[in-house]
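Peer 1: Handing over input-v9.txt, compact mmCIF, C-alpha atoms and all ligand atoms.
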```txt
# COMPACT_ATOMS: atom_id res chain seq x y z
CA LYS A 1 -81.16 -182.75 65.53
CA MET A 2 -78.73 -181.66 62.87
CA TYR A 3 -81.09 -182.41 59.97
CA GLU A 4 -84.00 -180.44 61.41
CA SER A 5 -81.88 -177.31 61.87
CA LYS A 6 -81.38 -177.17 58.08
CA ILE A 7 -84.92 -177.82 56.89
CA SER A 8 -85.66 -174.33 55.63
CA LEU A 9 -82.77 -174.48 53.14
CA PRO A 10 -83.70 -175.28 49.53
CA SER A 11 -83.75 -178.88 48.29
CA GLU A 12 -81.01 -178.74 45.69
CA THR A 13 -77.73 -180.45 44.98
CA MET A 14 -74.37 -178.74 45.44
CA ASP A 15 -74.28 -178.02 41.71
CA GLY A 16 -77.70 -176.40 41.81
CA SER A 17 -80.05 -179.11 40.57
CA LYS A 18 -83.46 -178.94 42.27
CA VAL A 19 -85.19 -182.05 43.58
CA ARG A 20 -88.68 -181.30 44.85
CA LEU A 21 -89.45 -182.96 48.17
CA MET A 22 -93.11 -183.68 48.71
CA ALA A 23 -95.02 -185.37 51.50
CA ASN A 24 -96.98 -188.62 51.64
CA ILE A 25 -100.11 -188.26 53.77
CA GLU A 26 -103.37 -190.07 54.47
CA GLY A 27 -105.53 -187.39 56.01
CA ALA A 28 -106.08 -183.70 56.72
CA ASP A 29 -104.71 -184.04 60.25
CA GLU A 30 -101.24 -184.38 58.74
CA SER A 31 -101.32 -180.94 57.07
CA GLU A 32 -99.39 -179.31 59.92
CA SER A 33 -96.62 -181.88 59.78
CA VAL A 34 -96.33 -181.23 56.04
CA ILE A 35 -95.88 -177.51 56.69
CA GLN A 36 -93.33 -178.18 59.44
CA SER A 37 -91.33 -180.52 57.21
CA ARG A 38 -91.03 -177.69 54.61
CA ALA A 39 -92.26 -180.08 51.93
CA GLU A 40 -93.15 -178.32 48.68
CA GLY A 41 -96.58 -179.90 48.73
CA VAL A 42 -98.14 -183.34 48.93
CA GLY A 43 -96.91 -185.84 46.34
CA LEU A 44 -99.09 -188.72 47.47
CA PHE A 45 -102.37 -188.26 49.30
CA ARG A 46 -103.59 -191.80 49.99
CA THR A 47 -107.38 -191.71 50.19
CA GLU A 48 -108.34 -195.25 51.18
CA GLY A 49 -108.71 -194.31 54.85
CA ILE A 50 -110.97 -191.40 53.99
CA VAL A 51 -113.17 -193.19 51.51
CA LEU A 52 -113.48 -196.28 53.70
CA ARG A 53 -113.94 -194.39 56.98
CA GLU A 54 -117.56 -195.38 57.17
CA ARG A 55 -116.53 -199.03 57.65
CA GLN A 56 -119.31 -200.86 55.90
CA ALA A 57 -120.07 -198.09 53.40
CA LEU A 58 -118.05 -195.69 51.30
CA ALA A 59 -117.73 -192.07 52.39
CA LYS A 60 -120.06 -189.75 50.52
CA GLU A 61 -118.92 -186.95 48.25
CA ASP A 62 -119.37 -184.15 50.80
CA LEU A 63 -117.42 -185.93 53.49
CA GLN A 64 -114.54 -186.59 51.08
CA PHE A 65 -114.66 -183.05 49.73
CA GLU A 66 -114.37 -181.54 53.22
CA GLU A 67 -111.28 -183.59 54.01
CA TYR A 68 -109.55 -182.84 50.69
CA ARG A 69 -110.43 -179.15 50.97
CA ARG A 70 -108.83 -178.87 54.41
CA VAL A 71 -105.51 -180.09 53.04
CA VAL A 72 -105.67 -178.12 49.81
CA GLU A 73 -106.56 -174.86 51.55
CA ARG A 74 -103.93 -175.27 54.24
CA LEU A 75 -101.15 -176.03 51.76
CA HIS A 76 -102.09 -173.45 49.15
CA PRO A 77 -100.27 -172.50 46.88
CA HIS A 78 -98.35 -175.78 47.06
CA PRO A 79 -99.69 -178.65 44.97
CA VAL A 80 -101.55 -181.57 46.52
CA VAL A 81 -101.55 -184.80 44.51
CA ILE A 82 -104.65 -186.74 45.46
CA ARG A 83 -104.49 -190.40 44.53
CA THR A 84 -107.79 -192.00 43.65
CA LEU A 85 -108.99 -195.04 45.53
CA ASP A 86 -106.38 -197.81 45.74
CA ILE A 87 -108.40 -200.41 47.65
CA GLY A 88 -107.53 -204.09 47.57
CA GLY A 89 -104.30 -206.03 47.98
CA ASP A 90 -102.50 -204.68 51.03
CA LYS A 91 -105.15 -201.99 51.62
CA ALA A 92 -107.53 -203.82 53.89
CA LEU A 93 -111.17 -203.84 52.97
CA PRO A 94 -113.76 -203.35 55.66
CA GLY A 95 -115.58 -206.56 56.45
CA ASN A 96 -116.02 -208.57 53.32
CA MET A 97 -117.20 -205.68 51.18
CA PHE A 98 -115.63 -206.71 47.94
CA GLY A 99 -115.78 -210.47 48.32
CA ARG A 100 -113.01 -212.99 48.77
CA GLU A 101 -110.34 -213.48 46.13
CA ASP A 102 -107.61 -216.11 45.83
CA ASN A 103 -105.10 -213.54 44.55
CA PRO A 104 -106.16 -210.14 45.89
CA PHE A 105 -102.91 -208.43 44.87
CA MET A 106 -103.68 -209.32 41.28
CA GLY A 107 -107.38 -208.99 41.74
CA PHE A 108 -110.31 -206.65 41.49
CA ARG A 109 -108.71 -203.56 43.01
CA ALA A 110 -107.76 -199.91 42.67
CA ILE A 111 -108.40 -198.42 39.21
CA ARG A 112 -109.88 -201.73 38.04
CA TYR A 113 -112.51 -201.56 40.73
CA CYS A 114 -113.15 -197.87 40.03
CA LEU A 115 -113.61 -198.30 36.29
CA LYS A 116 -116.19 -201.04 36.93
CA ASN A 117 -117.93 -198.98 39.63
CA PRO A 118 -118.24 -195.60 37.95
CA ASP A 119 -120.72 -194.27 40.53
CA ILE A 120 -118.28 -194.79 43.38
CA PHE A 121 -115.36 -193.51 41.28
CA LYS A 122 -117.18 -190.39 40.09
CA GLU A 123 -118.26 -189.60 43.62
CA GLN A 124 -114.58 -189.34 44.51
CA LEU A 125 -113.72 -187.47 41.29
CA ARG A 126 -116.41 -184.86 42.03
CA ALA A 127 -115.09 -184.42 45.56
CA ILE A 128 -111.57 -183.90 44.18
CA LEU A 129 -112.74 -181.45 41.50
CA ARG A 130 -114.65 -179.44 44.10
CA SER A 131 -111.60 -179.27 46.37
CA ALA A 132 -109.59 -177.97 43.40
CA ALA A 133 -111.53 -174.70 43.62
CA TYR A 134 -109.63 -174.06 46.89
CA GLY A 135 -106.03 -174.43 45.79
CA ASN A 136 -103.56 -176.38 43.71
CA VAL A 137 -104.92 -179.88 43.18
CA ARG A 138 -103.47 -182.63 41.04
CA MET A 139 -104.77 -186.13 40.78
CA MET A 140 -103.27 -189.51 39.98
CA TYR A 141 -104.56 -192.98 39.24
CA PRO A 142 -103.11 -196.01 41.06
CA MET A 143 -102.35 -199.47 39.63
CA ILE A 144 -102.48 -198.37 36.02
CA SER A 145 -101.48 -201.27 33.73
CA GLY A 146 -101.67 -199.42 30.42
CA VAL A 147 -102.71 -196.17 28.77
CA HIS A 148 -106.20 -197.46 27.95
CA GLU A 149 -107.07 -197.32 31.64
CA VAL A 150 -105.87 -193.72 31.87
CA LEU A 151 -108.06 -192.75 28.92
CA GLU A 152 -111.07 -194.59 30.33
CA ALA A 153 -110.61 -192.93 33.72
CA ASN A 154 -110.30 -189.54 32.01
CA GLU A 155 -113.64 -190.11 30.30
CA LEU A 156 -115.24 -190.60 33.70
CA LEU A 157 -113.44 -187.48 34.89
CA GLU A 158 -115.10 -185.50 32.09
CA GLU A 159 -118.47 -186.94 33.09
CA ALA A 160 -117.83 -185.93 36.71
CA LYS A 161 -117.10 -182.35 35.60
CA GLN A 162 -120.31 -182.28 33.59
CA GLU A 163 -122.30 -183.54 36.56
CA LEU A 164 -120.92 -180.75 38.74
CA LYS A 165 -121.67 -178.21 36.04
CA ASP A 166 -125.26 -179.48 35.77
CA ARG A 167 -125.60 -179.18 39.54
CA GLY A 168 -124.27 -175.62 39.47
CA GLU A 169 -121.53 -176.63 41.94
CA SER A 170 -118.28 -174.70 42.14
CA TYR A 171 -115.23 -176.71 41.08
CA SER A 172 -112.07 -176.43 39.04
CA GLY A 173 -111.69 -178.60 35.96
CA GLU A 174 -108.13 -177.43 35.32
CA ILE A 175 -106.35 -180.11 37.27
CA GLU A 176 -103.25 -181.95 36.13
CA VAL A 177 -103.72 -185.70 35.91
CA GLY A 178 -100.93 -188.25 36.34
CA SER A 179 -100.47 -191.99 36.59
CA MET A 180 -98.69 -194.12 39.07
CA ILE A 181 -96.19 -196.47 37.50
CA GLU A 182 -96.16 -199.56 39.68
CA ILE A 183 -97.05 -202.43 37.34
CA PRO A 184 -94.38 -203.72 34.91
CA SER A 185 -96.70 -203.38 31.89
CA ALA A 186 -97.16 -199.69 32.68
CA ALA A 187 -93.42 -199.22 33.17
CA TYR A 188 -92.73 -200.83 29.82
CA THR A 189 -95.20 -198.50 28.09
CA ALA A 190 -94.28 -195.36 30.03
CA ASP A 191 -93.59 -193.61 26.71
CA VAL A 192 -97.26 -193.84 25.70
CA ILE A 193 -98.60 -193.23 29.19
CA SER A 194 -96.44 -190.15 29.68
CA GLU A 195 -97.76 -188.70 26.40
CA ASN A 196 -101.19 -188.76 28.00
CA CYS A 197 -100.30 -187.56 31.49
CA SER A 198 -99.07 -184.35 33.10
CA PHE A 199 -96.72 -186.35 35.32
CA LEU A 200 -95.79 -189.87 36.36
CA SER A 201 -95.19 -191.12 39.88
CA ILE A 202 -93.24 -194.34 40.36
CA GLY A 203 -94.61 -196.46 43.20
CA THR A 204 -91.59 -198.57 44.03
CA ASN A 205 -93.37 -200.56 46.74
CA ASP A 206 -95.65 -202.23 44.24
CA LEU A 207 -93.25 -202.03 41.30
CA ILE A 208 -90.75 -204.21 43.19
CA GLN A 209 -93.49 -206.60 44.28
CA TYR A 210 -94.84 -207.08 40.78
CA MET A 211 -91.51 -207.15 38.94
CA LEU A 212 -90.01 -209.72 41.25
CA ALA A 213 -93.23 -211.62 42.02
CA VAL A 214 -92.57 -211.10 45.73
CA ASP A 215 -95.54 -210.30 47.96
CA ARG A 216 -94.66 -207.04 49.73
CA VAL A 217 -96.30 -208.10 53.01
CA ASN A 218 -95.17 -211.73 53.23
CA ASP A 219 -92.45 -211.94 55.89
CA SER A 220 -91.19 -215.34 54.80
CA ILE A 221 -90.01 -213.94 51.47
CA ALA A 222 -88.99 -210.48 52.71
CA HIS A 223 -85.35 -211.32 51.89
CA LEU A 224 -86.34 -211.60 48.21
CA TYR A 225 -87.97 -208.16 48.16
CA GLU A 226 -84.98 -206.45 46.64
CA PRO A 227 -84.97 -202.78 45.54
CA CYS A 228 -81.42 -203.35 44.23
CA HIS A 229 -82.40 -206.03 41.73
CA PRO A 230 -80.97 -204.81 38.42
CA ALA A 231 -84.36 -205.28 36.73
CA VAL A 232 -85.96 -202.87 39.20
CA LEU A 233 -83.25 -200.26 38.79
CA ARG A 234 -83.15 -200.50 35.00
CA THR A 235 -86.91 -200.14 34.94
CA ILE A 236 -86.91 -197.03 37.10
CA LYS A 237 -84.26 -195.49 34.85
CA ALA A 238 -86.13 -196.44 31.68
CA VAL A 239 -89.40 -194.96 32.96
CA ILE A 240 -87.69 -191.67 33.79
CA ASP A 241 -85.98 -191.54 30.39
CA MET A 242 -89.17 -192.34 28.47
CA ALA A 243 -91.17 -189.73 30.34
CA HIS A 244 -88.48 -187.09 29.91
CA GLU A 245 -88.54 -187.69 26.14
CA ASN A 246 -92.08 -186.32 26.35
CA ASP A 247 -91.10 -183.57 28.81
CA THR A 248 -93.20 -185.28 31.44
CA PRO A 249 -91.83 -184.94 34.99
CA VAL A 250 -91.35 -188.04 37.11
CA ALA A 251 -91.77 -188.42 40.86
CA VAL A 252 -90.86 -191.41 43.02
CA CYS A 253 -93.30 -191.96 45.87
CA GLY A 254 -92.52 -195.45 47.21
CA GLU A 255 -90.33 -196.22 50.21
CA MET A 256 -87.13 -196.03 48.17
CA ALA A 257 -87.61 -192.26 47.96
CA SER A 258 -87.36 -191.97 51.73
CA ASP A 259 -84.13 -193.94 52.15
CA PRO A 260 -81.00 -191.73 52.00
CA VAL A 261 -79.02 -194.72 50.70
CA TYR A 262 -81.19 -194.85 47.54
CA VAL A 263 -81.76 -191.12 47.14
CA PRO A 264 -78.45 -190.34 45.33
CA LEU A 265 -79.23 -193.08 42.81
CA LEU A 266 -82.76 -191.78 42.16
CA VAL A 267 -81.39 -188.25 41.78
CA GLY A 268 -78.67 -189.51 39.46
CA MET A 269 -81.27 -191.29 37.34
CA GLY A 270 -83.07 -187.99 36.91
CA ALA A 271 -86.05 -188.18 39.27
CA ASP A 272 -87.61 -184.70 39.42
CA GLU A 273 -89.43 -185.19 42.69
CA LEU A 274 -89.40 -187.47 45.71
CA SER A 275 -92.45 -187.96 47.89
CA LEU A 276 -92.07 -189.39 51.38
CA SER A 277 -93.27 -189.31 54.94
CA PRO A 278 -92.90 -185.75 56.31
CA SER A 279 -90.79 -186.97 59.25
CA LEU A 280 -88.11 -188.30 56.89
CA ILE A 281 -87.84 -185.19 54.72
CA PRO A 282 -85.11 -183.42 56.75
CA GLU A 283 -82.64 -186.29 56.41
CA VAL A 284 -83.32 -186.79 52.70
CA LYS A 285 -82.94 -183.06 52.07
CA PHE A 286 -79.66 -183.09 53.96
CA MET A 287 -78.42 -185.86 51.64
CA ILE A 288 -79.51 -184.01 48.50
CA ARG A 289 -77.76 -180.84 49.65
CA HIS A 290 -74.48 -182.69 50.12
CA ILE A 291 -74.21 -184.44 46.77
CA SER A 292 -73.74 -183.07 43.28
CA GLN A 293 -75.99 -184.01 40.39
CA ALA A 294 -72.80 -184.89 38.47
CA SER A 295 -71.57 -187.38 41.09
CA ALA A 296 -75.07 -188.86 41.41
CA ARG A 297 -75.19 -189.33 37.63
CA ASP A 298 -71.80 -191.07 37.72
CA LEU A 299 -73.05 -193.28 40.52
CA ALA A 300 -76.14 -194.22 38.49
CA ALA A 301 -73.97 -195.03 35.45
CA GLU A 302 -71.73 -197.23 37.56
CA ILE A 303 -74.63 -199.01 39.25
CA VAL A 304 -76.12 -200.21 35.96
CA THR A 305 -72.90 -202.11 35.24
CA LEU A 306 -73.20 -204.11 38.48
CA LYS A 307 -75.03 -207.41 38.39
CA ARG A 308 -75.72 -208.55 41.93
CA PRO A 309 -78.15 -206.86 44.32
CA ARG A 310 -75.72 -207.25 47.23
CA LEU A 311 -72.92 -205.53 45.32
CA ILE A 312 -75.26 -202.76 44.22
CA PHE A 313 -76.46 -202.15 47.73
CA GLY A 314 -72.86 -202.22 48.95
CA ARG A 315 -71.86 -199.56 46.43
CA LEU A 316 -74.84 -197.35 47.36
CA ARG A 317 -74.03 -197.69 51.03
CA GLU A 318 -70.40 -196.85 50.38
CA PHE A 319 -71.45 -193.71 48.50
CA TYR A 320 -73.81 -192.75 51.31
CA ARG A 321 -71.08 -193.21 53.91
CA SER A 322 -68.54 -191.24 51.91
CA VAL A 323 -70.92 -188.29 51.80
CA MET A 324 -71.96 -188.51 55.43
CA LYS A 325 -68.77 -189.40 57.25
CA ASP A 326 -67.26 -185.92 57.30
CA LEU A 327 -70.62 -184.42 58.24
CA VAL A 328 -71.79 -186.60 61.08
CA GLY A 329 -68.68 -188.59 62.02
CA GLU A 330 -68.05 -192.16 60.97
CA ARG A 331 -69.10 -193.74 64.26
CA PHE A 332 -72.67 -192.49 63.87
CA LEU A 333 -73.15 -194.17 60.49
CA PRO A 334 -75.09 -197.39 59.94
C1 LIG B 1 -96.19 -197.77 45.98
O1 LIG B 1 -96.77 -198.79 45.59
O2 LIG B 1 -94.96 -197.62 45.94
C2 LIG B 1 -96.96 -196.66 46.54
C3 LIG B 1 -96.40 -195.49 46.80
O3 LIG B 1 -98.26 -196.87 46.82
P1 LIG B 1 -98.75 -197.76 48.06
O4 LIG B 1 -97.57 -198.02 48.96
O5 LIG B 1 -99.83 -196.97 48.69
O6 LIG B 1 -99.23 -199.00 47.37
MG MG B 2 -98.91 -198.95 45.29
```
Could I get this file's structure written as structure tokens?
Ligand code: PEP
Ligand code: MG
Peer 2:
Amino acid sequence: KMYESKISLPSETMDGSKVRLMANIEGADESESVIQSRAEGVGLFRTEGIVLRERQALAKEDLQFEEYRRVVERLHPHPVVIRTLDIGGDKALPGNMFGREDNPFMGFRAIRYCLKNPDIFKEQLRAILRSAAYGNVRMMYPMISGVHEVLEANELLEEAKQELKDRGESYSGEIEVGSMIEIPSAAYTADVISENCSFLSIGTNDLIQYMLAVDRVNDSIAHLYEPCHPAVLRTIKAVIDMAHENDTPVAVCGEMASDPVYVPLLVGMGADELSLSPSLIPEVKFMIRHISQASARDLAAEIVTLKRPRLIFGRLREFYRSVMKDLVGERFLP
């Protein structure tokens, strides 16, 4: 395939602006596909499958550590961003472990669950800190609603380091910590959150769901799940701007980052990094290499003046086609 033949070329625009392409993975078995995709590391390591592997119990520290270490060692010196446990909502829980809730997407999940279950949370934090002794590990918290949760989680992180020190275990405490931005309240306070984080990562899958009040897994309202809603796009832009005011880099790790129709817009809005499934990296890199940062910025400026999702999508698709038509031939385009 045409895209694959170009994967060892750098991920930069025609006018020399770099956009780091990172991989989304869920386990150590995917390390090879990350290497093959020429990703510059892992931008989202989902850990629910690892932590919940034991079905009715949570995986112990050593088991988690071994899995993280395999990825970190294999990808060294590239960074690996391990996301702490994001259970609940769409991430199925084994059996009835956490009880039934009427509104699981807005329920006792992810960082909320971890902050109330410090033993389980610190078990994962210790495993992550131990794996950091083997390479370049970063960590991020999911479903953050405000900076207070980041600070509270960081306190538990300090406790986890102390526990490892007391045990005489080898670990690295020098890891960068970031927050996912996927709840509107976090997006709106991204200025404060970014002051307290090494990086932000926008999770568009949940951000769209929570901004538009549209369940991301409910087929009967799938037509309302609209990445091109102006509120979503303004929010993404605002988060990037707020973080950049504090010199905090911003990644996008939701599905939008893997769609070449949206990629020019995200680049034009200033996203520093995109994280996506390894298999989709070649095509996204191809897109990045055939646009200029200047034209992407113009596109982003034009898009914010448009009011209707359909018109916005139409403009993005038109831009995509204008870039691709001379490269692949019009008849191959969607
Ligand atoms: C997101 O919400 O966009 C995201 C990347 O996380 P997940 O899809 O795992 O919820
Ligand atoms: Mg999410």
Peer 1: Using all atoms listed in the file, find each protein or nucleic acid residue lying at most 8 Å from ligand MG 2 (chain B); present the set as a list of chain:residue names.
Peer 2: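 Those residues are A:Asp86, A:Pro142, A:Met143, A:Met180, A:Glu182, A:Gly203, A:Thr204, A:Asn205, A:Asp206, A:Leu207, A:Gly254.
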Peer 1: Of the residues A:Thr235, A:Ser220, A:Thr84, A:Ser131, which is the one nearest to Arg109 (chain A), using all atoms listed in the file?
Peer 2: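 Result for the nearest residue to Arg109 (chain A): A:Thr84.
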Peer 1: Draw an axis-aligned box tight on the listed atoms of ligand LIG 1 (chain B), then pad every side by 4 Å and write out centre and edge lengths in Å to one decimal as AutoDock Vina command-line options.
Peer 2:
```
--center_x -97.4 --center_y -197.2 --center_z 47.3 --size_x 12.9 --size_y 11.5 --size_z 11.4
```
Peer 1: Neighbours of Phe199 (chain A) within 8 Å (all atoms listed in the file; same-chain residues fewer than 4 positions away dropped), as number ranges by chain?
Peer 2: A: 176-179, 194, 248-251
Peer 1: Please identify all polymer residues within 9 Å of Pro10 (chain A), counting only C-alpha atoms, omitting same-chain residues fewer than 3 positions from it, and present them as a CSV table (one decimal) with C-alpha atoms, keeping the file's coordinate frame.
Peer 2:
```csv
chain,number,residue,atom,x,y,z
A,7,ILE,CA,-84.9,-177.8,56.9
A,18,LYS,CA,-83.5,-178.9,42.3
A,285,LYS,CA,-82.9,-183.1,52.1
A,289,ARG,CA,-77.8,-180.8,49.6
```
